[in-house]
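Shown here: model38.txt, compact mmCIF, C-alpha atoms.
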# COMPACT_ATOMS: atom_id res chain seq x y z
CA MET A 1 218.95 316.02 126.99
CA LYS A 2 215.43 314.66 127.49
CA MET A 3 214.72 315.07 123.79
CA MET A 4 217.87 313.14 122.90
CA LYS A 5 216.91 310.32 125.26
CA MET A 6 213.42 310.18 123.72
CA GLU A 7 214.88 310.05 120.21
CA GLN A 8 217.26 307.29 121.22
CA GLY A 9 214.41 305.39 122.85
CA THR A 10 212.24 305.78 119.75
CA LEU A 11 215.05 304.60 117.48
CA PHE A 12 215.58 301.58 119.71
CA GLN A 13 211.88 300.69 119.51
CA ILE A 14 211.84 301.06 115.74
CA SER A 15 214.97 298.91 115.42
CA PHE A 16 213.46 296.31 117.74
CA PHE A 17 210.24 296.09 115.73
CA LEU A 18 212.16 295.92 112.44
CA LEU A 19 214.22 293.03 113.80
CA LEU A 20 211.02 291.37 115.04
CA ILE A 21 209.42 291.71 111.58
CA MET A 22 212.55 290.34 109.89
CA ALA A 23 212.66 287.41 112.29
CA THR A 24 208.97 286.68 111.68
CA ILE A 25 209.44 286.78 107.90
CA SER A 26 212.52 284.53 108.06
CA ALA A 27 210.50 282.00 110.05
CA VAL A 28 207.89 281.66 107.29
CA PRO A 29 208.27 278.21 105.63
CA HIS A 30 209.63 278.00 102.07
CA ASP A 31 206.90 275.65 100.79
CA CYS A 32 204.09 273.33 101.89
CA THR A 33 206.48 270.45 102.54
CA GLU A 34 208.28 272.50 105.19
CA ILE A 35 204.93 273.24 106.83
CA GLN A 36 204.17 269.54 107.14
CA ARG A 37 207.66 268.78 108.45
CA LYS A 38 207.11 271.28 111.25
CA ASN A 39 203.55 270.14 111.92
CA LYS A 40 202.66 266.54 111.03
CA ASN A 41 199.01 267.27 111.85
CA ALA A 42 198.74 270.08 109.30
CA ILE A 43 195.70 269.69 107.04
CA SER A 44 195.14 270.75 103.44
CA GLY A 45 194.20 274.38 102.92
CA LEU A 46 195.60 277.88 102.63
CA TYR A 47 198.98 278.76 104.14
CA VAL A 48 201.56 281.53 103.87
CA ILE A 49 204.96 280.56 102.48
CA LYS A 50 208.01 282.57 101.49
CA PRO A 51 210.34 281.10 98.87
CA GLU A 52 213.88 282.48 98.87
CA GLN A 53 214.01 286.04 97.46
CA SER A 54 210.22 286.10 97.19
CA PRO A 55 207.59 288.09 99.09
CA PRO A 56 205.25 286.04 101.29
CA LEU A 57 202.67 284.12 99.24
CA VAL A 58 199.29 282.64 100.07
CA VAL A 59 199.19 279.15 98.54
CA ASN A 60 196.99 276.09 98.60
CA CYS A 61 198.71 273.13 100.27
CA VAL A 62 197.66 269.53 99.62
CA MET A 63 198.70 267.52 102.68
CA ARG A 64 198.94 263.75 102.25
CA SER A 65 200.39 260.85 104.19
CA ASN A 66 203.10 260.40 101.56
CA GLY A 67 204.06 264.07 101.55
CA SER A 68 202.69 267.53 100.93
CA TRP A 69 202.36 269.49 97.71
CA THR A 70 202.36 273.19 96.84
CA VAL A 71 199.65 273.92 94.26
CA ILE A 72 200.79 276.17 91.38
CA GLN A 73 197.73 275.84 89.16
CA ARG A 74 194.14 274.68 89.29
CA ASN A 75 191.67 274.78 86.43
CA SER A 76 188.23 273.36 85.74
CA LYS A 77 186.17 272.93 82.62
CA TYR A 78 184.12 276.08 81.86
CA SER A 79 186.32 278.04 84.25
CA LYS A 80 185.24 281.62 84.96
CA ILE A 81 188.85 282.69 84.40
CA THR A 82 189.65 283.99 80.92
CA TRP A 83 193.20 282.51 80.88
CA THR A 84 194.09 284.63 77.81
CA GLU A 85 196.00 287.04 80.03
CA SER A 86 199.09 289.19 79.46
CA TRP A 87 202.72 288.32 80.20
CA THR A 88 202.72 290.50 83.32
CA THR A 89 199.52 288.93 84.64
CA TYR A 90 200.95 285.44 84.19
CA LYS A 91 204.18 286.61 85.81
CA TYR A 92 202.52 287.56 89.09
CA GLY A 93 199.53 285.22 89.05
CA PHE A 94 195.75 285.54 89.09
CA GLY A 95 192.52 283.81 90.10
CA ASP A 96 191.18 282.40 93.35
CA VAL A 97 193.85 280.42 95.18
CA LEU A 98 191.19 278.08 96.59
CA ASN A 99 189.78 277.42 93.13
CA ASP A 100 190.95 278.13 89.58
CA HIS A 101 194.19 280.11 89.59
CA TRP A 102 197.76 280.52 88.36
CA LEU A 103 200.36 281.11 91.08
CA GLY A 104 202.61 283.23 88.85
CA ASN A 105 205.65 282.37 86.73
CA GLU A 106 207.99 284.53 88.80
CA TYR A 107 206.98 282.81 92.04
CA ILE A 108 207.10 279.35 90.45
CA HIS A 109 210.62 280.20 89.25
CA LEU A 110 211.68 281.31 92.75
CA LEU A 111 210.10 278.22 94.30
CA THR A 112 211.83 275.78 91.98
CA ARG A 113 215.27 277.39 92.21
CA GLN A 114 215.56 276.87 95.98
CA ALA A 115 215.61 273.05 95.81
CA ARG A 116 215.04 270.17 93.40
CA TYR A 117 211.30 269.73 92.80
CA LYS A 118 209.07 267.27 90.99
CA LEU A 119 205.78 268.08 89.28
CA ARG A 120 202.54 266.16 89.65
CA ILE A 121 199.52 266.88 87.46
CA GLU A 122 196.23 265.35 88.57
CA PHE A 123 193.24 265.11 86.25
CA THR A 124 189.62 264.42 87.16
CA ASP A 125 187.83 263.02 84.10
CA ASN A 126 184.15 263.02 83.11
CA LYS A 127 183.61 259.83 85.15
CA ASN A 128 185.07 261.49 88.25
CA LYS A 129 188.14 259.26 88.09
CA ILE A 130 191.56 260.71 88.93
CA LYS A 131 194.53 260.14 86.64
CA TYR A 132 197.97 261.67 86.90
CA ALA A 133 201.17 262.61 85.13
CA GLU A 134 204.36 263.08 87.10
CA TYR A 135 207.79 264.46 86.18
CA SER A 136 210.80 263.55 88.31
CA SER A 137 212.10 267.12 88.10
CA PHE A 138 210.54 270.49 87.33
CA TYR A 139 212.08 273.93 87.02
CA LEU A 140 211.31 277.28 85.42
CA GLU A 141 214.17 279.37 84.06
CA HIS A 142 214.50 283.10 84.77
CA GLU A 143 212.23 285.61 83.02
CA ASN A 144 215.20 286.61 80.84
CA ASP A 145 214.99 283.07 79.45
CA LYS A 146 211.22 283.41 78.90
CA TYR A 147 210.42 281.14 81.88
CA THR A 148 211.54 278.11 79.87
CA ILE A 149 210.27 274.88 81.41
CA ARG A 150 212.62 272.00 82.29
CA LEU A 151 211.07 268.60 82.94
CA GLY A 152 212.54 265.31 84.10
CA HIS A 153 211.48 261.69 83.60
CA PHE A 154 207.77 261.15 82.89
CA SER A 155 205.52 258.60 84.64
CA GLY A 156 201.77 258.18 85.05
CA GLY A 157 198.62 256.67 83.63
CA VAL A 158 198.10 259.12 80.77
CA VAL A 159 199.61 259.65 77.32
CA THR A 160 203.23 260.78 77.55
CA ASN A 161 203.81 264.48 76.90
CA THR A 162 207.32 265.47 75.82
CA ILE A 163 206.36 268.42 73.58
CA THR A 164 206.14 270.87 76.49
CA ASP A 165 209.68 270.24 77.78
CA ASN A 166 212.27 272.96 77.04
CA GLN A 167 209.66 275.32 75.60
CA LYS A 168 209.50 279.05 76.35
CA PHE A 169 206.35 280.47 77.91
CA THR A 170 203.96 282.22 75.54
CA THR A 171 201.19 284.72 76.27
CA LYS A 172 198.91 286.70 73.98
CA ASP A 173 201.32 289.66 74.02
CA LYS A 174 204.61 287.68 73.95
CA ASP A 175 204.73 285.02 71.27
CA ASN A 176 207.57 282.58 72.03
CA ASP A 177 206.11 279.44 70.45
CA ASN A 178 207.19 277.71 67.24
CA TYR A 179 204.00 278.24 65.27
CA GLN A 180 203.10 280.77 62.57
CA ARG A 181 200.54 282.40 64.86
CA CYS A 182 200.41 282.96 68.62
CA CYS A 183 198.86 279.90 70.28
CA ALA A 184 198.14 281.80 73.52
CA THR A 185 195.74 284.22 71.82
CA SER A 186 193.00 281.61 71.82
CA ARG A 187 194.29 278.99 74.27
CA GLY A 188 195.87 280.89 77.15
CA GLY A 189 199.44 281.20 78.40
CA TRP A 190 201.50 278.00 78.13
CA TRP A 191 204.76 276.38 77.02
CA TYR A 192 203.74 275.75 73.41
CA ASP A 193 205.65 274.14 70.58
CA ALA A 194 203.13 274.50 67.75
CA CYS A 195 199.89 274.71 69.74
CA GLY A 196 200.53 270.98 70.50
CA SER A 197 198.60 268.31 72.30
CA VAL A 198 198.70 269.89 75.77
CA TYR A 199 197.36 273.21 77.04
CA LEU A 200 196.03 273.30 80.59
CA ASN A 201 195.55 277.06 81.00
CA TYR A 202 192.37 277.20 78.93
CA LYS A 203 188.63 277.23 79.55
CA TYR A 204 188.62 273.67 78.24
CA PRO A 205 191.91 272.26 79.62
CA TYR A 206 193.34 269.74 77.17
CA TRP A 207 195.69 266.77 77.36
CA SER A 208 195.67 264.28 74.51
CA GLY A 209 193.55 261.22 75.31
CA LEU A 210 191.71 262.76 78.28
CA THR A 211 188.34 264.37 78.90
CA ILE A 212 189.24 266.79 81.69
CA GLN A 213 186.76 268.16 84.18
CA LYS A 214 189.42 269.49 86.58
CA VAL A 215 193.20 269.66 86.63
CA THR A 216 195.69 270.52 89.39
CA MET A 217 199.41 271.16 88.99
CA MET A 218 201.48 270.86 92.17
CA ILE A 219 205.11 270.53 93.17
CA GLN A 220 207.11 268.84 95.92
CA PRO A 221 210.84 268.86 96.75
CA THR A 222 212.60 265.58 96.07
CA CYS A 223 215.21 265.97 98.82
Output the file's structure in the form of structure tokens.
Amino acid sequence: MKMMKMEQGTLFQISFFLLLIMATISAVPHDCTEIQRKNKNAISGLYVIKPEQSPPLVVNCVMRSNGSWTVIQRNSKYSKITWTESWTTYKYGFGDVLNDHWLGNEYIHLLTRQARYKLRIEFTDNKNKIKYAEYSSFYLEHENDKYTIRLGHFSGGVVTNTITDNQKFTTKDKDNDNYQRCCATSRGGWWYDACGSVYLNYKYPYWSGLTIQKVTMMIQPTC
């Protein structure tokens, strides 16, 4: 009888802690915007988020007076990161989340499927001036669709880029571009057409008309 009571008590404790863990996980915000909504005094830095159907993620949040942004990529000229990584590495992400990194296509997909998001790309040029490109909507399709990128209306103070839109993601071991050779072999994983005028996952990030010292890609829900 005593043994049965102990087993029941142990099972109750385990169930209680499992429920506590589940409740804690469910309370984790879905993105950086939700963090700022819950705490208006939140400052930029590292936070834990949990997009729907995703494990918890450590991300870099950029908190501003006009809203907060979840960083999905950061790259700098002469980056220590190789960028010519495999499909699987790009799927789950790599790098230093405080510095140069790629969040991961799978997590970007899960982030952008839970709400309508916009994309902002900020460039720091060789004169330390910041320029930007912004797309009114941004979404990555499922891996079965090669993480195809969907972009909305373009705005910003740089040359318009429409080549990237609707392209499949290409890595050195999965060539999904429209060129005779694999663009990612030398330029890193990206949504290439024919090695085009934009490739930001590269030791020398490139956007036509810009001299880039640093680039940051970040997203924010629009509703």
Report, in Å with one decimal, the straight-line distance from atom CA of A:Val198 to atom CA of A:Lys129.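 Calculated distance between atom CA of A:Val198 and atom CA of A:Lys129 is 19.4 Å.
Nearest residue to A:Asp31, choosing from A:Thr171, A:Gln220, A:Thr185, A:Asn178 and counting all atoms listed in the file: A:Gln220.
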Long-range neighbours of A:Tyr78 as a PDB file with C-alpha atoms, in the coordinates of the input, 10 Å cut-off, only C-alpha atoms, 2 positions minimum in chain:
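Result saved to part.pdb:
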ATOM      1  CA  ASN A  75     191.670 274.780  86.430  1.00  0.00           C
ATOM      2  CA  SER A  76     188.230 273.360  85.740  1.00  0.00           C
ATOM      3  CA  LYS A  80     185.240 281.620  84.960  1.00  0.00           C
ATOM      4  CA  ILE A  81     188.850 282.690  84.400  1.00  0.00           C
ATOM      5  CA  THR A  82     189.650 283.990  80.920  1.00  0.00           C
ATOM      6  CA  TYR A 202     192.370 277.200  78.930  1.00  0.00           C
ATOM      7  CA  LYS A 203     188.630 277.230  79.550  1.00  0.00           C
ATOM      8  CA  TYR A 204     188.620 273.670  78.240  1.00  0.00           C
ATOM      9  CA  PRO A 205     191.910 272.260  79.620  1.00  0.00           C
ATOM     10  CA  GLN A 213     186.760 268.160  84.180  1.00  0.00           C
ATOM     11  CA  LYS A 214     189.420 269.490  86.580  1.00  0.00           C
TER      12      LYS A 214
END
Please identify all polymer residues within 12 Å of A:Ile108, counting all atoms listed in the file, omitting same-chain residues fewer than 2 positions from it, and present them as number ranges by chain.
A: 30-31, 50-54, 57, 59, 70-73, 90-93, 102-106, 110-115, 117, 119, 138-143, 147-149, 217-220
Okay, now the selection with C-alpha atoms, as a PDB file, in the coordinates of the input?
ATOM      1  CA  HIS A  30     209.630 278.000 102.070  1.00  0.00           C
ATOM      2  CA  ASP A  31     206.900 275.650 100.790  1.00  0.00           C
ATOM      3  CA  LYS A  50     208.010 282.570 101.490  1.00  0.00           C
ATOM      4  CA  PRO A  51     210.340 281.100  98.870  1.00  0.00           C
ATOM      5  CA  GLU A  52     213.880 282.480  98.870  1.00  0.00           C
ATOM      6  CA  GLN A  53     214.010 286.040  97.460  1.00  0.00           C
ATOM      7  CA  SER A  54     210.220 286.100  97.190  1.00  0.00           C
ATOM      8  CA  LEU A  57     202.670 284.120  99.240  1.00  0.00           C
ATOM      9  CA  VAL A  59     199.190 279.150  98.540  1.00  0.00           C
ATOM     10  CA  THR A  70     202.360 273.190  96.840  1.00  0.00           C
ATOM     11  CA  VAL A  71     199.650 273.920  94.260  1.00  0.00           C
ATOM     12  CA  ILE A  72     200.790 276.170  91.380  1.00  0.00           C
ATOM     13  CA  GLN A  73     197.730 275.840  89.160  1.00  0.00           C
ATOM     14  CA  TYR A  90     200.950 285.440  84.190  1.00  0.00           C
ATOM     15  CA  LYS A  91     204.180 286.610  85.810  1.00  0.00           C
ATOM     16  CA  TYR A  92     202.520 287.560  89.090  1.00  0.00           C
ATOM     17  CA  GLY A  93     199.530 285.220  89.050  1.00  0.00           C
ATOM     18  CA  TRP A 102     197.760 280.520  88.360  1.00  0.00           C
ATOM     19  CA  LEU A 103     200.360 281.110  91.080  1.00  0.00           C
ATOM     20  CA  GLY A 104     202.610 283.230  88.850  1.00  0.00           C
ATOM     21  CA  ASN A 105     205.650 282.370  86.730  1.00  0.00           C
ATOM     22  CA  GLU A 106     207.990 284.530  88.800  1.00  0.00           C
ATOM     23  CA  LEU A 110     211.680 281.310  92.750  1.00  0.00           C
ATOM     24  CA  LEU A 111     210.100 278.220  94.300  1.00  0.00           C
ATOM     25  CA  THR A 112     211.830 275.780  91.980  1.00  0.00           C
ATOM     26  CA  ARG A 113     215.270 277.390  92.210  1.00  0.00           C
ATOM     27  CA  GLN A 114     215.560 276.870  95.980  1.00  0.00           C
ATOM     28  CA  ALA A 115     215.610 273.050  95.810  1.00  0.00           C
ATOM     29  CA  TYR A 117     211.300 269.730  92.800  1.00  0.00           C
ATOM     30  CA  LEU A 119     205.780 268.080  89.280  1.00  0.00           C
ATOM     31  CA  PHE A 138     210.540 270.490  87.330  1.00  0.00           C
ATOM     32  CA  TYR A 139     212.080 273.930  87.020  1.00  0.00           C
ATOM     33  CA  LEU A 140     211.310 277.280  85.420  1.00  0.00           C
ATOM     34  CA  GLU A 141     214.170 279.370  84.060  1.00  0.00           C
ATOM     35  CA  HIS A 142     214.500 283.100  84.770  1.00  0.00           C
ATOM     36  CA  GLU A 143     212.230 285.610  83.020  1.00  0.00           C
ATOM     37  CA  TYR A 147     210.420 281.140  81.880  1.00  0.00           C
ATOM     38  CA  THR A 148     211.540 278.110  79.870  1.00  0.00           C
ATOM     39  CA  ILE A 149     210.270 274.880  81.410  1.00  0.00           C
ATOM     40  CA  MET A 217     199.410 271.160  88.990  1.00  0.00           C
ATOM     41  CA  MET A 218     201.480 270.860  92.170  1.00  0.00           C
ATOM     42  CA  ILE A 219     205.110 270.530  93.170  1.00  0.00           C
ATOM     43  CA  GLN A 220     207.110 268.840  95.920  1.00  0.00           C
TER      44      GLN A 220
END
Margin query: Please determine, counting all atoms listed in the file, which residue among A:Ser155, A:Phe123, A:Pro221, A:Glu85 has the shortest atom-to-atom distance to A:Thr170.
Written below: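 Smallest separation from A:Thr170 among the options: A:Glu85.
Interatomic distance, atom CA of A:Gly157 to atom CA of A:Ile130: 9.7 Å.
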Next on the checklist: From the options A:Lys131, A:Lys146, A:Arg74, A:Arg120, which residue's atoms come nearest to A:Val97, counting all atoms listed in the file?
Outcome noted: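 Checking each of A:Lys131, A:Lys146, A:Arg74, A:Arg120 against A:Val97, counting all atoms listed in the file, the winner is A:Arg74.
Atom CA of A:Tyr107 lies 17.7 Å from atom CA of A:Ile35.
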* Asked: For A:Glu122, which residue out of A:Ser197, A:Glu134, A:Tyr179, A:Asn144 is the nearest one, using all atoms listed in the file?
  ->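 Counting all atoms listed in the file, the residue closest to A:Glu122 is A:Glu134.
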| field | Long-range neighbours of A:Trp191 as a list in words, 7 Å cut-off, all atoms listed in the file, 6 positions minimum in chain | value | Thr164, Gln167, Lys168, Phe169 and Thr170 of chain A
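With all atoms listed in the file as the atoms that count, the residue of A:Gly67, A:Gly45, A:Gly152, A:Pro55 with the shortest distance to A:Asn99 is A:Gly45.
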Please write out, as AutoDock Vina command-line options, where the centre of an axis-aligned box around all listed atoms of stretch 96-101 of chain A lies and how long its edges are, in Å to one decimal, after adding 4 Å on each side.
--center_x 192.0 --center_y 279.9 --center_z 93.1 --size_x 12.4 --size_y 13.0 --size_z 15.0
Using all atoms listed in the file, which protein or nucleic acid residues come within 8 Å of A:Cys183? Drop anything in the same chain fewer than 5 positions from it, and give the result as a PDB file with C-alpha atoms, in the coordinates of the input.
ATOM      1  CA  THR A 170     203.960 282.220  75.540  1.00  0.00           C
ATOM      2  CA  LYS A 172     198.910 286.700  73.980  1.00  0.00           C
ATOM      3  CA  ASP A 175     204.730 285.020  71.270  1.00  0.00           C
ATOM      4  CA  ASP A 177     206.110 279.440  70.450  1.00  0.00           C
ATOM      5  CA  GLY A 188     195.870 280.890  77.150  1.00  0.00           C
ATOM      6  CA  TYR A 192     203.740 275.750  73.410  1.00  0.00           C
ATOM      7  CA  ALA A 194     203.130 274.500  67.750  1.00  0.00           C
ATOM      8  CA  CYS A 195     199.890 274.710  69.740  1.00  0.00           C
TER       9      CYS A 195
END
